[in-house]
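**Student:** Mind looking over this structure? Questions follow.
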Amino acid sequence: MPDTIKPRTTLKILLTALGLVAGLAIGKIAFSPKAPENSAAGQSPGLRTGLEQYAPKRFSERNEEIIIRHFFKDRRGGFFVDVGAYHYRDGSNTYYLDKYLDWKGIAIDANGEFAQGYREHRPRTTFYNFFVSDKSDEKAEFYIVRDPGHLTKSTAAPEFVIGRKTEEVKVPTITLNDLLAKHDVRKIDFLNIDIELWEPHALAGFDIEKYRPDLVCVEAHRQVRDQLLAYFGAHDYVRLDHYFLFDQRNWYFTPKGRYQELSDISY
């Protein structure tokens, strides 16, 4: 009896193991991100979202460019405001919109060294050298990082530059409301904010009800997340949580009405 049971038991174990392996393989195919043939590893969003048709990213630091293009479906001729814009191309969330989709916009950065690049390479984008805050016509202390390994970390928050070689400069402040009024802006399609913990201050000087951007991409450091959620919730904006898988550094918000329209779309 033991001699006949043992082979059957072994066969049952083998079949169970094969079933588990097959199940895992099917699950991986159905739910894992699928990279296009021409994309770099780790850059392509997933099969079930539709983002793969916009991959790989070309200019943004991470997947921001892919998400923005996916949201707008490569719509042409929009208007953006880029706060903390940095370099005209490298690490830019708006360069693709400008260069390939004929968008116009405003780029704002407290580091005026980037101005020439915008003048020479992005004539559709107007660059302003200001520190965006909740008050205009003041002077902000801004730290420009001179460490070649961390050039993107220039900031007004001194804790971000501890141990790094920096240059401290005084930069005039302005609210988004004042700057947009001077530029005679009536509507914003896309708002990008990346200013290292100063995002709540910038939003405090912005009339989101008036300009009602269709999409807001805002850097969400742990220290300011509660403030961001409170601000956007108070103005009937919804966070687009389906983008979490592809960008863990930024949060994306859209008006509740726009979100309800998107809810019928399969991601």
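The way I read the labels, and the way they are meant: chains A, B, ... in the order of the structure tokens, residue 1 as the first residue of every chain, and ligand 1 as the first ligand shown, with later ones counted on from there.
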Output as a ChimeraX atom specification all residues of region 38-100 of chain A that backbone DSSP marks as strand (DSSP E or B).

**Tutor:** /A:60,79-83,91

**Student:** Neighbours of region 101-116 of chain A within 9 Å (only C-alpha atoms; same-chain residues fewer than 3 positions away dropped), as number ranges by chain?

**Tutor:** A: 74-88, 94, 96-98, 119-121, 123-132, 142-144, 154-155, 169, 171-173, 180, 183, 188, 195

**Student:** Record the distance separating CA of His201 (chain A) and CA of Ser133 (chain A), expressed in Å with one decimal.

**Tutor:**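 According to the coordinates, CA of His201 (chain A) and CA of Ser133 (chain A) are separated by 5.1 Å.
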
**Student:** Using only C-alpha atoms, which protein or nucleic acid residues come within 12 Å of Trp198 (chain A)? Drop anything in the same chain fewer than 5 positions from it, and give the result as a PDB file with N, CA and C atoms, in the first residue's frame.

**Tutor:**
ATOM      1  N   VAL A  83       5.663  76.429 -11.736  1.00  0.00           N
ATOM      2  CA  VAL A  83       6.260  77.099 -10.575  1.00  0.00           C
ATOM      3  C   VAL A  83       7.409  76.245 -10.046  1.00  0.00           C
ATOM      4  N   GLY A  84       8.608  76.839  -9.999  1.00  0.00           N
ATOM      5  CA  GLY A  84       9.803  76.059  -9.702  1.00  0.00           C
ATOM      6  C   GLY A  84      10.246  75.335 -10.953  1.00  0.00           C
ATOM      7  N   PHE A 131      10.270  84.449  -6.480  1.00  0.00           N
ATOM      8  CA  PHE A 131       9.977  83.389  -5.533  1.00  0.00           C
ATOM      9  C   PHE A 131       8.483  83.444  -5.256  1.00  0.00           C
ATOM     10  N   VAL A 132       7.754  82.419  -5.656  1.00  0.00           N
ATOM     11  CA  VAL A 132       6.295  82.411  -5.521  1.00  0.00           C
ATOM     12  C   VAL A 132       5.924  82.097  -4.076  1.00  0.00           C
ATOM     13  N   SER A 133       5.104  82.980  -3.484  1.00  0.00           N
ATOM     14  CA  SER A 133       4.732  82.819  -2.091  1.00  0.00           C
ATOM     15  C   SER A 133       3.310  83.336  -1.878  1.00  0.00           C
ATOM     16  N   ASP A 134       2.955  83.560  -0.602  1.00  0.00           N
ATOM     17  CA  ASP A 134       1.612  84.051  -0.289  1.00  0.00           C
ATOM     18  C   ASP A 134       1.559  85.568  -0.201  1.00  0.00           C
ATOM     19  N   ALA A 140      12.835  87.069  -0.309  1.00  0.00           N
ATOM     20  CA  ALA A 140      12.984  85.729   0.254  1.00  0.00           C
ATOM     21  C   ALA A 140      14.436  85.296   0.200  1.00  0.00           C
ATOM     22  N   PHE A 142      16.966  82.596  -0.559  1.00  0.00           N
ATOM     23  CA  PHE A 142      16.929  81.422  -1.425  1.00  0.00           C
ATOM     24  C   PHE A 142      18.333  80.849  -1.538  1.00  0.00           C
ATOM     25  N   THR A 155      16.558  75.823  -3.029  1.00  0.00           N
ATOM     26  CA  THR A 155      15.342  75.890  -2.229  1.00  0.00           C
ATOM     27  C   THR A 155      15.379  77.054  -1.248  1.00  0.00           C
ATOM     28  N   ALA A 156      14.221  77.383  -0.699  1.00  0.00           N
ATOM     29  CA  ALA A 156      14.140  78.364   0.383  1.00  0.00           C
ATOM     30  C   ALA A 156      14.128  77.678   1.738  1.00  0.00           C
ATOM     31  N   ALA A 157      14.088  76.349   1.748  1.00  0.00           N
ATOM     32  CA  ALA A 157      14.078  75.586   2.991  1.00  0.00           C
ATOM     33  C   ALA A 157      15.506  75.152   3.319  1.00  0.00           C
ATOM     34  N   PRO A 158      16.154  75.779   4.310  1.00  0.00           N
ATOM     35  CA  PRO A 158      17.555  75.492   4.595  1.00  0.00           C
ATOM     36  C   PRO A 158      17.819  74.037   4.957  1.00  0.00           C
ATOM     37  N   PHE A 160      16.869  71.522   3.485  1.00  0.00           N
ATOM     38  CA  PHE A 160      17.061  70.743   2.266  1.00  0.00           C
ATOM     39  C   PHE A 160      18.503  70.798   1.763  1.00  0.00           C
ATOM     40  N   ILE A 193       3.682  72.658  -9.658  1.00  0.00           N
ATOM     41  CA  ILE A 193       4.328  73.332  -8.526  1.00  0.00           C
ATOM     42  C   ILE A 193       5.344  72.399  -7.883  1.00  0.00           C
ATOM     43  N   LEU A 203       0.124  78.178  -2.950  1.00  0.00           N
ATOM     44  CA  LEU A 203      -1.309  77.966  -3.154  1.00  0.00           C
ATOM     45  C   LEU A 203      -2.151  78.978  -2.386  1.00  0.00           C
ATOM     46  N   ALA A 204      -1.644  79.457  -1.253  1.00  0.00           N
ATOM     47  CA  ALA A 204      -2.374  80.459  -0.466  1.00  0.00           C
ATOM     48  C   ALA A 204      -2.514  81.770  -1.223  1.00  0.00           C
ATOM     49  N   GLY A 205      -1.624  82.027  -2.182  1.00  0.00           N
ATOM     50  CA  GLY A 205      -1.704  83.238  -2.985  1.00  0.00           C
ATOM     51  C   GLY A 205      -2.247  82.996  -4.377  1.00  0.00           C
ATOM     52  N   VAL A 218       1.606  68.604  -8.072  1.00  0.00           N
ATOM     53  CA  VAL A 218       2.266  69.292  -6.969  1.00  0.00           C
ATOM     54  C   VAL A 218       3.143  68.302  -6.218  1.00  0.00           C
ATOM     55  N   GLU A 219       4.380  68.704  -5.935  1.00  0.00           N
ATOM     56  CA  GLU A 219       5.271  67.838  -5.176  1.00  0.00           C
ATOM     57  C   GLU A 219       4.718  67.698  -3.757  1.00  0.00           C
ATOM     58  N   ALA A 220       4.628  66.454  -3.285  1.00  0.00           N
ATOM     59  CA  ALA A 220       3.943  66.179  -2.021  1.00  0.00           C
ATOM     60  C   ALA A 220       4.906  65.607  -0.990  1.00  0.00           C
ATOM     61  N   HIS A 221       5.742  66.468  -0.447  1.00  0.00           N
ATOM     62  CA  HIS A 221       6.592  66.033   0.652  1.00  0.00           C
ATOM     63  C   HIS A 221       5.735  65.713   1.874  1.00  0.00           C
ATOM     64  N   GLN A 223       5.901  66.489   4.886  1.00  0.00           N
ATOM     65  CA  GLN A 223       5.636  67.595   5.814  1.00  0.00           C
ATOM     66  C   GLN A 223       4.446  68.462   5.415  1.00  0.00           C
ATOM     67  N   VAL A 224       4.072  68.447   4.132  1.00  0.00           N
ATOM     68  CA  VAL A 224       3.002  69.356   3.682  1.00  0.00           C
ATOM     69  C   VAL A 224       1.782  68.618   3.144  1.00  0.00           C
ATOM     70  N   ARG A 225       1.744  67.322   3.243  1.00  0.00           N
ATOM     71  CA  ARG A 225       0.649  66.556   2.628  1.00  0.00           C
ATOM     72  C   ARG A 225      -0.714  66.901   3.207  1.00  0.00           C
ATOM     73  N   GLN A 227      -1.686  69.688   4.501  1.00  0.00           N
ATOM     74  CA  GLN A 227      -2.074  71.015   4.016  1.00  0.00           C
ATOM     75  C   GLN A 227      -2.548  70.955   2.565  1.00  0.00           C
ATOM     76  N   LEU A 228      -1.884  70.145   1.762  1.00  0.00           N
ATOM     77  CA  LEU A 228      -2.297  70.015   0.363  1.00  0.00           C
ATOM     78  C   LEU A 228      -3.685  69.391   0.258  1.00  0.00           C
TER      79      LEU A 228
END

**Student:** One decimal, Å: what's the distance from CA of Asp178 (chain A) over to CA of Lys99 (chain A), could you say?

**Tutor:**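 A separation of 27.1 Å between them.
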
**Student:** Report the distance between CA of Tyr211 (chain A) and CA of Phe246 (chain A) in Å, rounded to one decimal place.

**Tutor:**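 These atoms are spaced 27.3 Å apart.
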